[in-house]
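Student: One structure, pasted below without further comment.
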Amino acid sequence: MSVRILVVDDEPSLRELLHIVLEGEGYDVRLAACYREANETLAHEQFDLVICDIILPDGNGLDLLRTHHQT
């Protein structure tokens with residue numbers, strides 16, 4: 001099973017760059033452009049790693065991570 005990574009960033013070029021690089025290294029990568037989209041994705045899927053911008057147009061990335069933090 002490959003490592004699953006969610007990339008959350010409102011900057012399309014950075015999102016796409018990370019997608020290309022991480023997939024090229026063999027990771028299973030999903031993308032989200034905003035807090036809402038990431039929140040919905042995290043509610044239905046599990047990831048090994050989330051790379052998240054802190055300042056999103058519709059919310060705070062740290063709040064997003066705190067909401068979905070698994071112990």
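If you're wondering about the labels, chains in the structure tokens are A, B, ... by order shown, residues count from 1 in each chain, ligands from 1 in order shown.
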Contacts of segment 48-55 of chain A at 10 Å or less, counting only C-alpha atoms, minus same-chain residues fewer than 5 places along, as a list in words?
Tutor: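 Counting only the stated atoms, we get Ser2, Val3, Arg4, Ile5, Leu6, Val7, Val8, Asp9, Asp10, Glu11, Arg15, Leu18, Asp28, Val29, Arg30, Leu31, Ala32, Ala33, Cys34, Tyr35, Ala38, Leu42, Asn60, Gly61, Leu62, Asp63, Leu64 and Leu65 of chain A.
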Student: Keeping only N, CA, C and O atoms, write those residues as a compact mmCIF listing (two decimals), in the first residue's frame.
Tutor:
# COMPACT_ATOMS: atom_id res chain seq x y z
N SER A 2 0.59 2.20 -0.83
CA SER A 2 1.44 3.39 -0.91
C SER A 2 1.02 4.42 0.14
O SER A 2 -0.10 4.43 0.63
N VAL A 3 1.95 5.27 0.47
CA VAL A 3 1.70 6.34 1.44
C VAL A 3 0.78 7.37 0.79
O VAL A 3 1.00 7.80 -0.34
N ARG A 4 -0.26 7.78 1.54
CA ARG A 4 -1.24 8.74 1.04
C ARG A 4 -0.96 10.11 1.62
O ARG A 4 -0.83 10.27 2.83
N ILE A 5 -0.89 11.12 0.75
CA ILE A 5 -0.60 12.49 1.16
C ILE A 5 -1.69 13.41 0.62
O ILE A 5 -2.05 13.33 -0.54
N LEU A 6 -2.16 14.30 1.49
CA LEU A 6 -3.09 15.35 1.07
C LEU A 6 -2.33 16.67 1.07
O LEU A 6 -1.73 17.05 2.08
N VAL A 7 -2.36 17.37 -0.05
CA VAL A 7 -1.74 18.69 -0.18
C VAL A 7 -2.86 19.73 -0.21
O VAL A 7 -3.73 19.67 -1.07
N VAL A 8 -2.81 20.67 0.74
CA VAL A 8 -3.83 21.71 0.85
C VAL A 8 -3.15 23.07 0.67
O VAL A 8 -2.34 23.48 1.51
N ASP A 9 -3.46 23.73 -0.42
CA ASP A 9 -2.90 25.05 -0.68
C ASP A 9 -3.77 25.76 -1.69
O ASP A 9 -4.25 25.15 -2.64
N ASP A 10 -3.96 27.07 -1.49
CA ASP A 10 -4.80 27.84 -2.40
C ASP A 10 -4.04 28.33 -3.63
O ASP A 10 -4.65 28.86 -4.55
N GLU A 11 -2.75 28.11 -3.67
CA GLU A 11 -1.92 28.52 -4.81
C GLU A 11 -1.83 27.36 -5.81
O GLU A 11 -1.16 26.35 -5.54
N ARG A 15 0.44 23.78 -5.53
CA ARG A 15 -0.28 22.51 -5.42
C ARG A 15 0.16 21.54 -6.50
O ARG A 15 0.46 20.38 -6.24
N LEU A 18 3.87 20.31 -6.07
CA LEU A 18 3.96 19.27 -5.05
C LEU A 18 3.35 17.96 -5.54
O LEU A 18 3.88 16.88 -5.26
N ASP A 28 0.81 8.41 -3.19
CA ASP A 28 -0.56 8.60 -3.64
C ASP A 28 -0.99 9.98 -3.14
O ASP A 28 -1.12 10.18 -1.94
N VAL A 29 -1.19 10.93 -4.05
CA VAL A 29 -1.40 12.33 -3.67
C VAL A 29 -2.80 12.78 -4.04
O VAL A 29 -3.27 12.55 -5.15
N ARG A 30 -3.46 13.45 -3.08
CA ARG A 30 -4.73 14.12 -3.33
C ARG A 30 -4.51 15.60 -3.10
O ARG A 30 -3.65 15.99 -2.31
N LEU A 31 -5.31 16.43 -3.74
CA LEU A 31 -5.17 17.88 -3.65
C LEU A 31 -6.45 18.52 -3.14
O LEU A 31 -7.55 18.06 -3.46
N ALA A 32 -6.29 19.61 -2.39
CA ALA A 32 -7.42 20.43 -1.96
C ALA A 32 -6.99 21.88 -2.06
O ALA A 32 -5.87 22.23 -1.68
N ALA A 33 -7.91 22.73 -2.54
CA ALA A 33 -7.58 24.14 -2.78
C ALA A 33 -8.01 25.06 -1.64
O ALA A 33 -7.62 26.22 -1.62
N CYS A 34 -8.81 24.56 -0.71
CA CYS A 34 -9.32 25.42 0.35
C CYS A 34 -9.66 24.59 1.58
O CYS A 34 -9.67 23.37 1.55
N TYR A 35 -9.97 25.29 2.66
CA TYR A 35 -10.34 24.67 3.93
C TYR A 35 -11.53 23.72 3.75
O TYR A 35 -11.50 22.58 4.19
N ALA A 38 -10.66 20.55 1.82
CA ALA A 38 -9.80 19.68 2.63
C ALA A 38 -10.59 19.05 3.77
O ALA A 38 -10.43 17.86 4.06
N LEU A 42 -10.91 15.10 4.32
CA LEU A 42 -10.44 14.46 5.55
C LEU A 42 -11.56 13.76 6.31
O LEU A 42 -11.31 12.81 7.05
N ASN A 60 -8.34 28.59 8.58
CA ASN A 60 -6.99 28.47 9.09
C ASN A 60 -6.54 27.02 8.98
O ASN A 60 -7.21 26.12 9.49
N GLY A 61 -5.40 26.80 8.34
CA GLY A 61 -4.88 25.45 8.15
C GLY A 61 -4.59 24.74 9.46
O GLY A 61 -4.78 23.53 9.57
N LEU A 62 -4.13 25.47 10.47
CA LEU A 62 -3.87 24.85 11.76
C LEU A 62 -5.16 24.36 12.40
O LEU A 62 -5.18 23.28 13.00
N ASP A 63 -6.23 25.12 12.28
CA ASP A 63 -7.53 24.68 12.80
C ASP A 63 -7.99 23.41 12.09
O ASP A 63 -8.54 22.50 12.71
N LEU A 64 -7.77 23.36 10.79
CA LEU A 64 -8.12 22.17 10.02
C LEU A 64 -7.40 20.95 10.56
O LEU A 64 -8.00 19.89 10.79
N LEU A 65 -6.11 21.07 10.78
CA LEU A 65 -5.32 19.94 11.28
C LEU A 65 -5.71 19.56 12.69
O LEU A 65 -5.78 18.37 13.02
Student: Please measure the separation of atom CA of Val21 of chain A and atom CA of His44 of chain A, giving the value in Å to one decimal.
Tutor: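 Pair atom CA of Val21 of chain A / atom CA of His44 of chain A returns 24.7 Å.
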Student: Could you tell me, as a short mmCIF file (atom, residue, chain, number, x, y, z; two decimals) with all heavy atoms, in the first residue's frame, which residues of segment 2-64 of chain A DSSP assigns to helix (DSSP H, G or I) when given the backbone?
Tutor:
data_model
loop_
_atom_site.label_atom_id
_atom_site.label_comp_id
_atom_site.auth_asym_id
_atom_site.auth_seq_id
_atom_site.Cartn_x
_atom_site.Cartn_y
_atom_site.Cartn_z
N PRO A 12 -2.49 27.46 -6.96
CA PRO A 12 -2.54 26.34 -7.91
C PRO A 12 -1.16 25.85 -8.36
O PRO A 12 -0.95 24.64 -8.47
CB PRO A 12 -3.33 26.89 -9.10
CG PRO A 12 -4.10 28.04 -8.55
CD PRO A 12 -3.29 28.60 -7.42
N SER A 13 -0.24 26.75 -8.61
CA SER A 13 1.07 26.32 -9.11
C SER A 13 1.84 25.53 -8.04
O SER A 13 2.52 24.55 -8.37
CB SER A 13 1.89 27.51 -9.60
OG SER A 13 2.09 28.44 -8.55
N LEU A 14 1.75 25.92 -6.79
CA LEU A 14 2.42 25.19 -5.72
C LEU A 14 1.78 23.82 -5.51
O LEU A 14 2.46 22.82 -5.35
CB LEU A 14 2.39 25.99 -4.42
CG LEU A 14 3.09 25.36 -3.22
CD1 LEU A 14 4.54 25.02 -3.54
CD2 LEU A 14 3.01 26.27 -2.02
N ARG A 15 0.44 23.78 -5.53
CA ARG A 15 -0.28 22.51 -5.42
C ARG A 15 0.16 21.54 -6.50
O ARG A 15 0.46 20.38 -6.24
CB ARG A 15 -1.79 22.76 -5.55
CG ARG A 15 -2.57 22.54 -4.34
CD ARG A 15 -4.08 22.59 -4.52
NE ARG A 15 -4.63 23.02 -5.76
CZ ARG A 15 -5.08 24.25 -6.01
NH1 ARG A 15 -5.03 25.18 -5.08
NH2 ARG A 15 -5.61 24.54 -7.18
N GLU A 16 0.21 22.03 -7.74
CA GLU A 16 0.56 21.17 -8.87
C GLU A 16 2.01 20.73 -8.80
O GLU A 16 2.33 19.58 -9.11
CB GLU A 16 0.28 21.89 -10.19
CG GLU A 16 0.42 21.00 -11.40
CD GLU A 16 -0.47 19.77 -11.37
OE1 GLU A 16 -1.58 19.81 -10.80
OE2 GLU A 16 -0.04 18.72 -11.91
N LEU A 17 2.91 21.62 -8.40
CA LEU A 17 4.32 21.26 -8.26
C LEU A 17 4.50 20.14 -7.23
O LEU A 17 5.18 19.14 -7.50
CB LEU A 17 5.15 22.48 -7.87
CG LEU A 17 6.63 22.21 -7.57
CD1 LEU A 17 7.35 21.71 -8.81
CD2 LEU A 17 7.29 23.45 -7.01
N LEU A 18 3.87 20.31 -6.07
CA LEU A 18 3.96 19.27 -5.05
C LEU A 18 3.35 17.96 -5.54
O LEU A 18 3.88 16.88 -5.26
CB LEU A 18 3.29 19.73 -3.76
CG LEU A 18 4.05 20.79 -2.98
CD1 LEU A 18 3.20 21.36 -1.86
CD2 LEU A 18 5.35 20.23 -2.43
N HIS A 19 2.26 18.05 -6.26
CA HIS A 19 1.62 16.86 -6.81
C HIS A 19 2.58 16.11 -7.74
O HIS A 19 2.77 14.89 -7.62
CB HIS A 19 0.35 17.28 -7.55
CG HIS A 19 -0.45 16.14 -8.06
ND1 HIS A 19 -0.81 16.03 -9.38
CD2 HIS A 19 -0.96 15.05 -7.44
CE1 HIS A 19 -1.52 14.92 -9.54
NE2 HIS A 19 -1.63 14.32 -8.38
N ILE A 20 3.20 16.83 -8.65
CA ILE A 20 4.12 16.21 -9.61
C ILE A 20 5.31 15.58 -8.90
O ILE A 20 5.68 14.42 -9.17
CB ILE A 20 4.59 17.26 -10.65
CG1 ILE A 20 3.43 17.65 -11.56
CG2 ILE A 20 5.77 16.73 -11.47
CD1 ILE A 20 3.69 18.88 -12.41
N VAL A 21 5.92 16.31 -8.00
CA VAL A 21 7.11 15.82 -7.31
C VAL A 21 6.78 14.61 -6.43
O VAL A 21 7.48 13.58 -6.48
CB VAL A 21 7.76 16.94 -6.46
CG1 VAL A 21 8.85 16.39 -5.56
CG2 VAL A 21 8.32 18.03 -7.36
N LEU A 22 5.73 14.71 -5.64
CA LEU A 22 5.39 13.62 -4.73
C LEU A 22 4.92 12.37 -5.47
O LEU A 22 5.31 11.25 -5.10
CB LEU A 22 4.33 14.08 -3.73
CG LEU A 22 4.82 15.15 -2.74
CD1 LEU A 22 3.64 15.73 -1.95
CD2 LEU A 22 5.87 14.58 -1.80
N GLU A 23 4.11 12.53 -6.50
CA GLU A 23 3.70 11.36 -7.29
C GLU A 23 4.90 10.73 -7.98
O GLU A 23 4.98 9.51 -8.12
CB GLU A 23 2.62 11.73 -8.31
CG GLU A 23 1.24 11.60 -7.75
CD GLU A 23 0.17 11.51 -8.84
OE1 GLU A 23 0.44 11.83 -10.01
OE2 GLU A 23 -0.95 11.11 -8.47
N GLY A 24 5.83 11.56 -8.43
CA GLY A 24 7.04 11.05 -9.05
C GLY A 24 7.87 10.20 -8.10
O GLY A 24 8.62 9.32 -8.53
N TYR A 35 -9.97 25.29 2.66
CA TYR A 35 -10.34 24.67 3.93
C TYR A 35 -11.53 23.72 3.75
O TYR A 35 -11.50 22.58 4.19
CB TYR A 35 -10.65 25.76 4.95
CG TYR A 35 -10.97 25.25 6.33
CD1 TYR A 35 -10.02 25.27 7.33
CD2 TYR A 35 -12.24 24.77 6.65
CE1 TYR A 35 -10.29 24.82 8.61
CE2 TYR A 35 -12.53 24.30 7.92
CZ TYR A 35 -11.55 24.33 8.89
OH TYR A 35 -11.84 23.86 10.15
N ARG A 36 -12.58 24.23 3.12
CA ARG A 36 -13.80 23.44 2.95
C ARG A 36 -13.53 22.13 2.21
O ARG A 36 -13.96 21.05 2.63
CB ARG A 36 -14.87 24.25 2.20
CG ARG A 36 -16.17 23.48 1.96
CD ARG A 36 -17.06 24.17 0.93
NE ARG A 36 -16.39 24.46 -0.33
CZ ARG A 36 -16.13 23.53 -1.27
NH1 ARG A 36 -16.46 22.28 -1.10
NH2 ARG A 36 -15.54 23.88 -2.40
N GLU A 37 -12.81 22.22 1.12
CA GLU A 37 -12.50 21.04 0.31
C GLU A 37 -11.65 20.05 1.10
O GLU A 37 -11.89 18.84 1.08
CB GLU A 37 -11.77 21.49 -0.96
CG GLU A 37 -11.56 20.41 -1.97
CD GLU A 37 -10.87 20.93 -3.22
OE1 GLU A 37 -10.91 22.15 -3.51
OE2 GLU A 37 -10.27 20.10 -3.92
N ALA A 38 -10.66 20.55 1.82
CA ALA A 38 -9.80 19.68 2.63
C ALA A 38 -10.59 19.05 3.77
O ALA A 38 -10.43 17.86 4.06
CB ALA A 38 -8.63 20.48 3.18
N ASN A 39 -11.46 19.82 4.40
CA ASN A 39 -12.27 19.32 5.49
C ASN A 39 -13.17 18.17 5.02
O ASN A 39 -13.27 17.13 5.70
CB ASN A 39 -13.11 20.46 6.08
CG ASN A 39 -13.75 20.10 7.38
OD1 ASN A 39 -13.11 19.51 8.25
ND2 ASN A 39 -15.01 20.46 7.54
N GLU A 40 -13.80 18.33 3.87
CA GLU A 40 -14.64 17.26 3.31
C GLU A 40 -13.82 16.03 2.97
O GLU A 40 -14.25 14.90 3.23
CB GLU A 40 -15.36 17.77 2.07
CG GLU A 40 -16.45 18.78 2.37
CD GLU A 40 -17.09 19.35 1.11
OE1 GLU A 40 -16.83 18.84 0.00
OE2 GLU A 40 -17.87 20.31 1.25
N THR A 41 -12.66 16.23 2.40
CA THR A 41 -11.79 15.11 2.04
C THR A 41 -11.34 14.36 3.30
O THR A 41 -11.40 13.12 3.35
CB THR A 41 -10.57 15.60 1.24
OG1 THR A 41 -11.02 16.26 0.07
CG2 THR A 41 -9.66 14.45 0.86
N LEU A 42 -10.91 15.10 4.32
CA LEU A 42 -10.44 14.46 5.55
C LEU A 42 -11.56 13.76 6.31
O LEU A 42 -11.31 12.81 7.05
CB LEU A 42 -9.76 15.50 6.44
CG LEU A 42 -8.39 15.96 5.96
CD1 LEU A 42 -7.95 17.22 6.69
CD2 LEU A 42 -7.37 14.84 6.10
N ALA A 43 -12.79 14.20 6.13
CA ALA A 43 -13.92 13.56 6.80
C ALA A 43 -14.21 12.18 6.22
O ALA A 43 -14.80 11.33 6.89
CB ALA A 43 -15.16 14.44 6.69
N HIS A 44 -13.78 11.94 4.97
CA HIS A 44 -14.11 10.69 4.29
C HIS A 44 -12.92 9.80 3.95
O HIS A 44 -13.10 8.65 3.57
CB HIS A 44 -14.88 10.99 3.00
CG HIS A 44 -16.18 11.66 3.25
ND1 HIS A 44 -16.35 13.03 3.15
CD2 HIS A 44 -17.37 11.17 3.66
CE1 HIS A 44 -17.59 13.34 3.46
NE2 HIS A 44 -18.24 12.24 3.77
N GLY A 61 -5.40 26.80 8.34
CA GLY A 61 -4.88 25.45 8.15
C GLY A 61 -4.59 24.74 9.46
O GLY A 61 -4.78 23.53 9.57
N LEU A 62 -4.13 25.47 10.47
CA LEU A 62 -3.87 24.85 11.76
C LEU A 62 -5.16 24.36 12.40
O LEU A 62 -5.18 23.28 13.00
CB LEU A 62 -3.14 25.82 12.69
CG LEU A 62 -1.71 26.16 12.28
CD1 LEU A 62 -1.13 27.20 13.22
CD2 LEU A 62 -0.83 24.93 12.23
N ASP A 63 -6.23 25.12 12.28
CA ASP A 63 -7.53 24.68 12.80
C ASP A 63 -7.99 23.41 12.09
O ASP A 63 -8.54 22.50 12.71
CB ASP A 63 -8.59 25.77 12.63
CG ASP A 63 -8.35 26.96 13.55
OD1 ASP A 63 -7.62 26.81 14.55
OD2 ASP A 63 -8.88 28.04 13.25
N LEU A 64 -7.77 23.36 10.79
CA LEU A 64 -8.12 22.17 10.02
C LEU A 64 -7.40 20.95 10.56
O LEU A 64 -8.00 19.89 10.79
CB LEU A 64 -7.77 22.38 8.54
CG LEU A 64 -7.97 21.17 7.63
CD1 LEU A 64 -9.45 20.96 7.36
CD2 LEU A 64 -7.22 21.35 6.33
#
Student: Taking the DSSP secondary structure from the backbone, can you list the residues of chain A that are strand (DSSP E), as a list in words?
Tutor: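 Those in chain A that DSSP calls strand (DSSP E) are Arg4, Ile5, Leu6, Val7, Val8, Asp28, Val29, Arg30, Leu31, Ala32, Leu49, Val50, Ile51, Cys52, Ile55, Leu56, Gly59 and Asn60 of chain A.
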Student: Only C-alpha atoms, please: the residues just picked out, written as an mmCIF file, in the first residue's frame.
Tutor:
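So part_39.cif came out as:
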data_model
loop_
_atom_site.group_PDB
_atom_site.id
_atom_site.type_symbol
_atom_site.label_atom_id
_atom_site.label_comp_id
_atom_site.auth_asym_id
_atom_site.auth_seq_id
_atom_site.Cartn_x
_atom_site.Cartn_y
_atom_site.Cartn_z
ATOM 1 C CA ARG A 4 -1.241 8.739 1.035
ATOM 2 C CA ILE A 5 -0.603 12.494 1.155
ATOM 3 C CA LEU A 6 -3.089 15.348 1.075
ATOM 4 C CA VAL A 7 -1.735 18.688 -0.181
ATOM 5 C CA VAL A 8 -3.827 21.712 0.854
ATOM 6 C CA ASP A 28 -0.560 8.598 -3.641
ATOM 7 C CA VAL A 29 -1.399 12.327 -3.667
ATOM 8 C CA ARG A 30 -4.729 14.117 -3.327
ATOM 9 C CA LEU A 31 -5.171 17.880 -3.646
ATOM 10 C CA ALA A 32 -7.420 20.429 -1.961
ATOM 11 C CA LEU A 49 0.574 12.978 5.838
ATOM 12 C CA VAL A 50 -1.128 16.330 5.295
ATOM 13 C CA ILE A 51 0.885 19.208 3.845
ATOM 14 C CA CYS A 52 -1.207 22.263 4.599
ATOM 15 C CA ILE A 55 -3.481 30.835 5.642
ATOM 16 C CA LEU A 56 -6.305 29.611 3.412
ATOM 17 C CA GLY A 59 -10.080 29.159 7.062
ATOM 18 C CA ASN A 60 -6.988 28.471 9.089
#
